[in-house]
Amino acid sequence: MSAELTILFEGYVGPRVAGTVSLVRDGDRVIVHDPGMVPGPSSILDPLQAADIHPEEVTDLVISHHHPDHTRWMGLFPIAVLHDYWASYDGDVWDSRPAEGVQLTPSVTLLETPGHTREDITTLVETDAGTVALTHLWWTASSESDPRGTDLDALHQHRARVLERAVRIVPGHGPAFDVSDETPR
């Protein structure tokens, strides 16, 4: 069994900045990844509605890191459990734990992948087409490095680690791309 992945909003960088927002469905779990800066809430809610999902049905939120361009619209999902690099948060319960190896569902795993920030995580999603990485290790398909990275050695080390497992990358600010020999390491 594998998860279903849908891009709700494709991010971009330039004069304006928006993060890529993704939807993962695995069994009874409905996960929104990086509900950050987009033109407005309808940019997330309309494609969610088109997928026949109401905000109250979202069970989990995963944020790759704590920058506003990846967290801005978390409040749209009032009952979702939030997952980040060092804990999960359910209502008023703060459950401290490292993200490394957390299995959210049988097909969704978190990895600690610092580089952009010290707190970055990558979400690996097992789909019918192979493993997809939702990550900020790449801003876009052509990102050789990270202009705002806090630890570029770690960033490149974790890229290699993710590329050992993923066949497709959903970067922080651009369209998804297939892993190839041309993928920046």
# chains A, B, ... in the order shown; residues from 1 in each chain; ligands from 1
$ residues_around --residues "Val167 of chain A" --least-positions-apart "3" --cutoff "8 Å" --atoms "only C-alpha atoms" --output "list of chain:residue names"
A:Gly130, A:Thr131, A:Val132, A:Leu163, A:Asp178, A:Val179
$ write_last_selection --atoms "C-alpha atoms" --output "CSV table (one decimal), in the first residue's frame"
chain,number,residue,atom,x,y,z
A,130,GLY,CA,8.4,5.5,-5.9
A,131,THR,CA,9.6,7.6,-3.0
A,132,VAL,CA,9.0,11.3,-3.2
A,163,LEU,CA,18.9,11.1,-3.3
A,178,ASP,CA,12.5,13.7,-11.2
A,179,VAL,CA,15.9,12.8,-9.8
$ residues_around --residues "Ala160 of chain A" --least-positions-apart "4" --cutoff "7 Å" --atoms "only C-alpha atoms" --output "VMD selection string"
chain A and resid 156 164 185
$ closest_residue --among "A:Arg25, A:Arg159, A:Arg148, A:His136" --to "Pro171 of chain A" --atoms "only C-alpha atoms"
A:His136
$ residues_around --residues "Met74 of chain A" --least-positions-apart "4" --cutoff "8 Å" --atoms "only C-alpha atoms" --output "list in words"
Pro35, Gly36 and Leu61 of chain A
$ residues_around --residues "Leu110 of chain A" --least-positions-apart "2" --cutoff "7 Å" --atoms "only C-alpha atoms" --output "ChimeraX atom specification"
/A:99-103,108,112,121-124
$ write_last_selection --atoms "all heavy atoms" --output "PDB file, in the first residue's frame"
ATOM      1  N   ALA A  99      12.773  14.255  15.036  1.00  0.00           N
ATOM      2  CA  ALA A  99      12.019  13.870  13.840  1.00  0.00           C
ATOM      3  C   ALA A  99      12.623  12.669  13.120  1.00  0.00           C
ATOM      4  O   ALA A  99      11.909  11.960  12.413  1.00  0.00           O
ATOM      5  CB  ALA A  99      11.941  15.054  12.875  1.00  0.00           C
ATOM      6  N   GLU A 100      13.914  12.456  13.288  1.00  0.00           N
ATOM      7  CA  GLU A 100      14.603  11.407  12.542  1.00  0.00           C
ATOM      8  C   GLU A 100      13.903  10.058  12.673  1.00  0.00           C
ATOM      9  O   GLU A 100      13.768   9.518  13.774  1.00  0.00           O
ATOM     10  CB  GLU A 100      16.049  11.279  13.010  1.00  0.00           C
ATOM     11  CG  GLU A 100      16.856  10.259  12.250  1.00  0.00           C
ATOM     12  CD  GLU A 100      17.015  10.601  10.778  1.00  0.00           C
ATOM     13  OE1 GLU A 100      17.073  11.805  10.415  1.00  0.00           O
ATOM     14  OE2 GLU A 100      17.089   9.661   9.973  1.00  0.00           O
ATOM     15  N   GLY A 101      13.438   9.548  11.535  1.00  0.00           N
ATOM     16  CA  GLY A 101      12.828   8.226  11.499  1.00  0.00           C
ATOM     17  C   GLY A 101      11.390   8.147  11.955  1.00  0.00           C
ATOM     18  O   GLY A 101      10.823   7.052  11.981  1.00  0.00           O
ATOM     19  N   VAL A 102      10.772   9.273  12.308  1.00  0.00           N
ATOM     20  CA  VAL A 102       9.366   9.233  12.727  1.00  0.00           C
ATOM     21  C   VAL A 102       8.529   8.724  11.560  1.00  0.00           C
ATOM     22  O   VAL A 102       8.596   9.243  10.451  1.00  0.00           O
ATOM     23  CB  VAL A 102       8.869  10.621  13.198  1.00  0.00           C
ATOM     24  CG1 VAL A 102       7.357  10.640  13.349  1.00  0.00           C
ATOM     25  CG2 VAL A 102       9.535  10.999  14.505  1.00  0.00           C
ATOM     26  N   GLN A 103       7.755   7.700  11.835  1.00  0.00           N
ATOM     27  CA  GLN A 103       6.876   7.098  10.841  1.00  0.00           C
ATOM     28  C   GLN A 103       5.471   7.625  11.103  1.00  0.00           C
ATOM     29  O   GLN A 103       4.783   7.164  12.006  1.00  0.00           O
ATOM     30  CB  GLN A 103       6.928   5.578  10.999  1.00  0.00           C
ATOM     31  CG  GLN A 103       6.391   4.801   9.859  1.00  0.00           C
ATOM     32  CD  GLN A 103       7.391   4.653   8.736  1.00  0.00           C
ATOM     33  OE1 GLN A 103       8.576   4.483   8.966  1.00  0.00           O
ATOM     34  NE2 GLN A 103       6.910   4.732   7.516  1.00  0.00           N
ATOM     35  N   VAL A 108       4.776   7.285   5.134  1.00  0.00           N
ATOM     36  CA  VAL A 108       5.294   8.645   5.341  1.00  0.00           C
ATOM     37  C   VAL A 108       6.288   8.644   6.500  1.00  0.00           C
ATOM     38  O   VAL A 108       5.926   8.300   7.632  1.00  0.00           O
ATOM     39  CB  VAL A 108       4.161   9.655   5.607  1.00  0.00           C
ATOM     40  CG1 VAL A 108       4.718  11.051   5.846  1.00  0.00           C
ATOM     41  CG2 VAL A 108       3.172   9.671   4.438  1.00  0.00           C
ATOM     42  N   GLU A 112      15.580  14.105   9.572  1.00  0.00           N
ATOM     43  CA  GLU A 112      16.234  15.369   9.912  1.00  0.00           C
ATOM     44  C   GLU A 112      17.243  15.675   8.823  1.00  0.00           C
ATOM     45  O   GLU A 112      18.133  14.868   8.539  1.00  0.00           O
ATOM     46  CB  GLU A 112      16.912  15.258  11.273  1.00  0.00           C
ATOM     47  CG  GLU A 112      15.936  15.073  12.410  1.00  0.00           C
ATOM     48  CD  GLU A 112      16.606  14.894  13.763  1.00  0.00           C
ATOM     49  OE1 GLU A 112      17.847  15.016  13.853  1.00  0.00           O
ATOM     50  OE2 GLU A 112      15.881  14.608  14.722  1.00  0.00           O
ATOM     51  N   ILE A 121      13.516  19.448   8.167  1.00  0.00           N
ATOM     52  CA  ILE A 121      13.204  18.036   8.009  1.00  0.00           C
ATOM     53  C   ILE A 121      12.728  17.807   6.583  1.00  0.00           C
ATOM     54  O   ILE A 121      12.232  18.712   5.914  1.00  0.00           O
ATOM     55  CB  ILE A 121      12.159  17.517   9.026  1.00  0.00           C
ATOM     56  CG1 ILE A 121      10.819  18.240   8.883  1.00  0.00           C
ATOM     57  CG2 ILE A 121      12.693  17.622  10.437  1.00  0.00           C
ATOM     58  CD1 ILE A 121       9.711  17.661   9.765  1.00  0.00           C
ATOM     59  N   THR A 122      12.891  16.587   6.132  1.00  0.00           N
ATOM     60  CA  THR A 122      12.383  16.133   4.840  1.00  0.00           C
ATOM     61  C   THR A 122      11.321  15.081   5.114  1.00  0.00           C
ATOM     62  O   THR A 122      11.484  14.254   6.012  1.00  0.00           O
ATOM     63  CB  THR A 122      13.522  15.532   3.992  1.00  0.00           C
ATOM     64  OG1 THR A 122      14.426  16.586   3.635  1.00  0.00           O
ATOM     65  CG2 THR A 122      13.009  14.852   2.740  1.00  0.00           C
ATOM     66  N   THR A 123      10.243  15.129   4.348  1.00  0.00           N
ATOM     67  CA  THR A 123       9.179  14.138   4.453  1.00  0.00           C
ATOM     68  C   THR A 123       9.286  13.209   3.254  1.00  0.00           C
ATOM     69  O   THR A 123       9.184  13.658   2.106  1.00  0.00           O
ATOM     70  CB  THR A 123       7.800  14.824   4.485  1.00  0.00           C
ATOM     71  OG1 THR A 123       7.770  15.739   5.592  1.00  0.00           O
ATOM     72  CG2 THR A 123       6.681  13.818   4.631  1.00  0.00           C
ATOM     73  N   LEU A 124       9.515  11.934   3.511  1.00  0.00           N
ATOM     74  CA  LEU A 124       9.570  10.933   2.449  1.00  0.00           C
ATOM     75  C   LEU A 124       8.207  10.275   2.331  1.00  0.00           C
ATOM     76  O   LEU A 124       7.637   9.817   3.329  1.00  0.00           O
ATOM     77  CB  LEU A 124      10.619   9.866   2.757  1.00  0.00           C
ATOM     78  CG  LEU A 124      12.068  10.341   2.826  1.00  0.00           C
ATOM     79  CD1 LEU A 124      12.983   9.170   3.183  1.00  0.00           C
ATOM     80  CD2 LEU A 124      12.504  10.971   1.511  1.00  0.00           C
TER      81      LEU A 124
END
$ select_by_dssp --residues "chain A" --states "strand (DSSP E or B)" --output "NGL selection string"
:A and (4-9 or 12 or 18 or 21-26 or 29-33 or 60-62 or 81-83 or 87-90 or 93-96 or 103-105 or 108-112 or 121-127 or 130-134 or 168-170 or 177-178)
$ closest_residue --among "A:Val38, A:Ala3, A:Ile63, A:Val30" --to "Val17 of chain A" --atoms "only C-alpha atoms"
A:Val38
$ residues_around --residues "Ser64 of chain A" --least-positions-apart "4" --cutoff "9 Å" --atoms "only C-alpha atoms" --output "PyMOL selection string"
chain A and resi 33-34+70-71+83-85+119-123+134-136+172
$ closest_residue --among "A:Pro41, A:Glu57, A:Ile31, A:Pro106" --to "Leu82 of chain A" --atoms "only C-alpha atoms"
A:Ile31
$ residues_around --residues "Glu10 of chain A" --least-positions-apart "5" --cutoff "12 Å" --atoms "only C-alpha atoms" --output "list in words"
Val17, Ala18, Gly19, Thr20, Val21, Ser22, Leu23, Asp34, Pro35, Gly36, Met37, Val38, Pro39, Ser43, Ile44, Pro47, Trp139, Thr140, Val170, Pro171, Gly172, His173, Gly174, Pro175, Ala176 and Phe177 of chain A
$ closest_residue --among "A:Ile169, A:Thr183, A:Gly115, A:Gly11" --to "Asp146 of chain A" --atoms "only C-alpha atoms"
A:Gly115
$ select_by_dssp --residues "chain A" --states "alpha helix (DSSP H)" --output "PDB file with N, CA, C and O atoms, in the first residue's frame"
ATOM      1  N   SER A  42      -7.331  30.901  -0.097  1.00  0.00           N
ATOM      2  CA  SER A  42      -8.020  30.141  -1.144  1.00  0.00           C
ATOM      3  C   SER A  42      -7.033  29.383  -2.034  1.00  0.00           C
ATOM      4  O   SER A  42      -7.409  28.381  -2.657  1.00  0.00           O
ATOM      5  N   SER A  43      -5.783  29.822  -2.076  1.00  0.00           N
ATOM      6  CA  SER A  43      -4.772  29.112  -2.873  1.00  0.00           C
ATOM      7  C   SER A  43      -4.506  27.718  -2.315  1.00  0.00           C
ATOM      8  O   SER A  43      -4.022  26.837  -3.038  1.00  0.00           O
ATOM      9  N   ILE A  44      -4.805  27.515  -1.051  1.00  0.00           N
ATOM     10  CA  ILE A  44      -4.683  26.196  -0.422  1.00  0.00           C
ATOM     11  C   ILE A  44      -6.063  25.541  -0.305  1.00  0.00           C
ATOM     12  O   ILE A  44      -6.231  24.363  -0.631  1.00  0.00           O
ATOM     13  N   LEU A  45      -7.050  26.309   0.137  1.00  0.00           N
ATOM     14  CA  LEU A  45      -8.367  25.725   0.413  1.00  0.00           C
ATOM     15  C   LEU A  45      -9.115  25.291  -0.840  1.00  0.00           C
ATOM     16  O   LEU A  45      -9.801  24.264  -0.819  1.00  0.00           O
ATOM     17  N   ASP A  46      -8.991  26.040  -1.940  1.00  0.00           N
ATOM     18  CA  ASP A  46      -9.711  25.652  -3.164  1.00  0.00           C
ATOM     19  C   ASP A  46      -9.228  24.311  -3.713  1.00  0.00           C
ATOM     20  O   ASP A  46     -10.055  23.432  -4.004  1.00  0.00           O
ATOM     21  N   PRO A  47      -7.904  24.091  -3.868  1.00  0.00           N
ATOM     22  CA  PRO A  47      -7.491  22.756  -4.339  1.00  0.00           C
ATOM     23  C   PRO A  47      -7.785  21.655  -3.319  1.00  0.00           C
ATOM     24  O   PRO A  47      -8.033  20.513  -3.708  1.00  0.00           O
ATOM     25  N   LEU A  48      -7.790  21.994  -2.047  1.00  0.00           N
ATOM     26  CA  LEU A  48      -8.158  21.014  -1.031  1.00  0.00           C
ATOM     27  C   LEU A  48      -9.629  20.617  -1.208  1.00  0.00           C
ATOM     28  O   LEU A  48      -9.970  19.429  -1.171  1.00  0.00           O
ATOM     29  N   GLN A  49     -10.484  21.608  -1.429  1.00  0.00           N
ATOM     30  CA  GLN A  49     -11.899  21.335  -1.663  1.00  0.00           C
ATOM     31  C   GLN A  49     -12.083  20.521  -2.944  1.00  0.00           C
ATOM     32  O   GLN A  49     -12.909  19.602  -2.984  1.00  0.00           O
ATOM     33  N   ALA A  50     -11.296  20.824  -3.973  1.00  0.00           N
ATOM     34  CA  ALA A  50     -11.370  20.054  -5.219  1.00  0.00           C
ATOM     35  C   ALA A  50     -10.988  18.594  -4.983  1.00  0.00           C
ATOM     36  O   ALA A  50     -11.451  17.709  -5.710  1.00  0.00           O
ATOM     37  N   LEU A 152      25.989  24.844   4.628  1.00  0.00           N
ATOM     38  CA  LEU A 152      25.990  24.291   3.269  1.00  0.00           C
ATOM     39  C   LEU A 152      26.630  22.915   3.194  1.00  0.00           C
ATOM     40  O   LEU A 152      26.225  22.093   2.364  1.00  0.00           O
ATOM     41  N   ASP A 153      27.598  22.619   4.055  1.00  0.00           N
ATOM     42  CA  ASP A 153      28.160  21.268   4.079  1.00  0.00           C
ATOM     43  C   ASP A 153      27.087  20.255   4.457  1.00  0.00           C
ATOM     44  O   ASP A 153      26.959  19.201   3.822  1.00  0.00           O
ATOM     45  N   ALA A 154      26.303  20.574   5.484  1.00  0.00           N
ATOM     46  CA  ALA A 154      25.218  19.680   5.896  1.00  0.00           C
ATOM     47  C   ALA A 154      24.163  19.572   4.797  1.00  0.00           C
ATOM     48  O   ALA A 154      23.642  18.483   4.537  1.00  0.00           O
ATOM     49  N   LEU A 155      23.849  20.673   4.140  1.00  0.00           N
ATOM     50  CA  LEU A 155      22.858  20.674   3.070  1.00  0.00           C
ATOM     51  C   LEU A 155      23.255  19.667   1.988  1.00  0.00           C
ATOM     52  O   LEU A 155      22.450  18.815   1.590  1.00  0.00           O
ATOM     53  N   HIS A 156      24.498  19.729   1.523  1.00  0.00           N
ATOM     54  CA  HIS A 156      24.940  18.823   0.459  1.00  0.00           C
ATOM     55  C   HIS A 156      25.030  17.378   0.953  1.00  0.00           C
ATOM     56  O   HIS A 156      24.718  16.445   0.205  1.00  0.00           O
ATOM     57  N   GLN A 157      25.407  17.193   2.199  1.00  0.00           N
ATOM     58  CA  GLN A 157      25.440  15.848   2.788  1.00  0.00           C
ATOM     59  C   GLN A 157      24.031  15.249   2.815  1.00  0.00           C
ATOM     60  O   GLN A 157      23.836  14.080   2.462  1.00  0.00           O
ATOM     61  N   HIS A 158      23.052  16.053   3.209  1.00  0.00           N
ATOM     62  CA  HIS A 158      21.679  15.541   3.295  1.00  0.00           C
ATOM     63  C   HIS A 158      21.039  15.390   1.923  1.00  0.00           C
ATOM     64  O   HIS A 158      20.186  14.515   1.731  1.00  0.00           O
ATOM     65  N   ARG A 159      21.452  16.208   0.955  1.00  0.00           N
ATOM     66  CA  ARG A 159      20.982  15.987  -0.407  1.00  0.00           C
ATOM     67  C   ARG A 159      21.373  14.581  -0.859  1.00  0.00           C
ATOM     68  O   ARG A 159      20.557  13.847  -1.419  1.00  0.00           O
ATOM     69  N   ALA A 160      22.636  14.231  -0.630  1.00  0.00           N
ATOM     70  CA  ALA A 160      23.104  12.900  -1.035  1.00  0.00           C
ATOM     71  C   ALA A 160      22.287  11.811  -0.344  1.00  0.00           C
ATOM     72  O   ALA A 160      21.894  10.816  -0.973  1.00  0.00           O
ATOM     73  N   ARG A 161      22.004  12.005   0.909  1.00  0.00           N
ATOM     74  CA  ARG A 161      21.222  11.034   1.684  1.00  0.00           C
ATOM     75  C   ARG A 161      19.807  10.875   1.115  1.00  0.00           C
ATOM     76  O   ARG A 161      19.312   9.759   0.958  1.00  0.00           O
ATOM     77  N   VAL A 162      19.172  11.996   0.781  1.00  0.00           N
ATOM     78  CA  VAL A 162      17.821  11.953   0.224  1.00  0.00           C
ATOM     79  C   VAL A 162      17.840  11.329  -1.167  1.00  0.00           C
ATOM     80  O   VAL A 162      16.956  10.532  -1.520  1.00  0.00           O
ATOM     81  N   LEU A 163      18.859  11.651  -1.958  1.00  0.00           N
ATOM     82  CA  LEU A 163      18.929  11.112  -3.321  1.00  0.00           C
ATOM     83  C   LEU A 163      19.164   9.610  -3.345  1.00  0.00           C
ATOM     84  O   LEU A 163      18.882   8.956  -4.354  1.00  0.00           O
TER      85      LEU A 163
END
$ residues_around --residues "Ser143 of chain A" --least-positions-apart "5" --cutoff "9 Å" --atoms "only C-alpha atoms" --output "short mmCIF file (atom, residue, chain, number, x, y, z; two decimals) with N, CA, C and O atoms, in the first residue's frame"
data_model
loop_
_atom_site.label_atom_id
_atom_site.label_comp_id
_atom_site.auth_asym_id
_atom_site.auth_seq_id
_atom_site.Cartn_x
_atom_site.Cartn_y
_atom_site.Cartn_z
N LEU A 137 15.79 21.10 0.89
CA LEU A 137 17.19 20.94 0.51
C LEU A 137 17.44 21.54 -0.87
O LEU A 137 18.56 21.88 -1.22
N TRP A 138 16.40 21.63 -1.68
CA TRP A 138 16.41 22.33 -2.96
C TRP A 138 15.31 23.38 -2.92
O TRP A 138 14.21 23.11 -2.46
N THR A 183 20.55 16.30 -11.38
CA THR A 183 20.05 16.86 -10.12
C THR A 183 21.23 17.41 -9.31
O THR A 183 22.17 16.67 -9.06
N PRO A 184 21.19 18.70 -8.93
CA PRO A 184 22.28 19.25 -8.13
C PRO A 184 22.48 18.47 -6.85
O PRO A 184 21.52 18.17 -6.13
#
$ atom_distance --atom1 "atom CA of His66 of chain A" --atom2 "atom CA of Leu104 of chain A"
19.2 Å
$ atom_distance --atom1 "atom CA of Asp95 of chain A" --atom2 "atom CA of Leu111 of chain A"
17.1 Å
$ closest_residue --among "A:His65, A:Pro98, A:Thr6, A:Thr59" --to "Ile79 of chain A" --atoms "only C-alpha atoms"
A:Thr59
$ atom_distance --atom1 "atom CA of Ser145 of chain A" --atom2 "atom CA of Thr109 of chain A"
24.5 Å
$ decode --residues "segment 141-152 of chain A" --atoms "all heavy atoms" --output "short mmCIF file (atom, residue, chain, number, x, y, z; two decimals), in the first residue's frame"
data_model
loop_
_atom_site.label_atom_id
_atom_site.label_comp_id
_atom_site.auth_asym_id
_atom_site.auth_seq_id
_atom_site.Cartn_x
_atom_site.Cartn_y
_atom_site.Cartn_z
N ALA A 141 14.48 22.98 -8.97
CA ALA A 141 15.23 21.91 -9.62
C ALA A 141 16.65 22.31 -9.96
O ALA A 141 17.53 21.47 -10.07
CB ALA A 141 14.50 21.47 -10.89
N SER A 142 16.90 23.60 -10.14
CA SER A 142 18.23 24.05 -10.56
C SER A 142 19.06 24.63 -9.41
O SER A 142 20.13 25.19 -9.65
CB SER A 142 18.10 25.08 -11.68
OG SER A 142 17.38 26.21 -11.21
N SER A 143 18.61 24.48 -8.19
CA SER A 143 19.32 25.05 -7.03
C SER A 143 20.63 24.32 -6.79
O SER A 143 20.65 23.23 -6.24
CB SER A 143 18.47 24.96 -5.77
OG SER A 143 17.27 25.66 -5.89
N GLU A 144 21.74 24.93 -7.20
CA GLU A 144 23.06 24.35 -6.95
C GLU A 144 23.40 24.39 -5.47
O GLU A 144 24.08 23.52 -4.95
CB GLU A 144 24.14 25.07 -7.76
CG GLU A 144 24.02 24.86 -9.25
CD GLU A 144 24.31 23.44 -9.68
OE1 GLU A 144 25.07 22.73 -9.01
OE2 GLU A 144 23.74 23.02 -10.70
N SER A 145 22.94 25.44 -4.79
CA SER A 145 23.22 25.62 -3.37
C SER A 145 22.02 26.29 -2.74
O SER A 145 20.92 26.23 -3.28
CB SER A 145 24.50 26.44 -3.19
OG SER A 145 24.92 26.36 -1.84
N ASP A 146 22.22 26.95 -1.63
CA ASP A 146 21.13 27.62 -0.92
C ASP A 146 21.61 29.01 -0.51
O ASP A 146 22.46 29.12 0.37
CB ASP A 146 20.72 26.80 0.30
CG ASP A 146 19.52 27.36 1.03
OD1 ASP A 146 19.27 28.58 0.98
OD2 ASP A 146 18.81 26.56 1.68
N PRO A 147 21.06 30.07 -1.11
CA PRO A 147 21.54 31.41 -0.80
C PRO A 147 21.29 31.83 0.65
O PRO A 147 21.91 32.77 1.13
CB PRO A 147 20.77 32.31 -1.78
CG PRO A 147 19.55 31.53 -2.14
CD PRO A 147 19.96 30.08 -2.08
N ARG A 148 20.41 31.16 1.33
CA ARG A 148 20.12 31.48 2.72
C ARG A 148 20.46 30.33 3.67
O ARG A 148 20.06 30.32 4.82
CB ARG A 148 18.65 31.86 2.89
CG ARG A 148 18.27 33.08 2.07
CD ARG A 148 16.92 33.61 2.49
NE ARG A 148 16.45 34.64 1.61
CZ ARG A 148 16.73 35.93 1.76
NH1 ARG A 148 17.46 36.33 2.76
NH2 ARG A 148 16.25 36.81 0.91
N GLY A 149 21.19 29.36 3.16
CA GLY A 149 21.54 28.19 3.95
C GLY A 149 22.41 28.53 5.15
O GLY A 149 23.26 29.41 5.08
N THR A 150 22.18 27.83 6.25
CA THR A 150 22.95 28.06 7.47
C THR A 150 24.13 27.11 7.59
O THR A 150 25.05 27.39 8.35
CB THR A 150 22.05 27.91 8.72
OG1 THR A 150 21.51 26.58 8.73
CG2 THR A 150 20.93 28.93 8.72
N ASP A 151 24.08 25.98 6.87
CA ASP A 151 25.18 25.02 6.91
C ASP A 151 25.21 24.29 5.56
O ASP A 151 24.55 23.27 5.38
CB ASP A 151 24.97 24.03 8.07
CG ASP A 151 26.13 23.08 8.25
OD1 ASP A 151 26.93 22.87 7.30
OD2 ASP A 151 26.23 22.50 9.35
N LEU A 152 25.99 24.84 4.63
CA LEU A 152 25.99 24.29 3.27
C LEU A 152 26.63 22.91 3.19
O LEU A 152 26.23 22.09 2.36
CB LEU A 152 26.66 25.27 2.31
CG LEU A 152 25.90 26.61 2.16
CD1 LEU A 152 26.62 27.52 1.17
CD2 LEU A 152 24.46 26.38 1.74
#
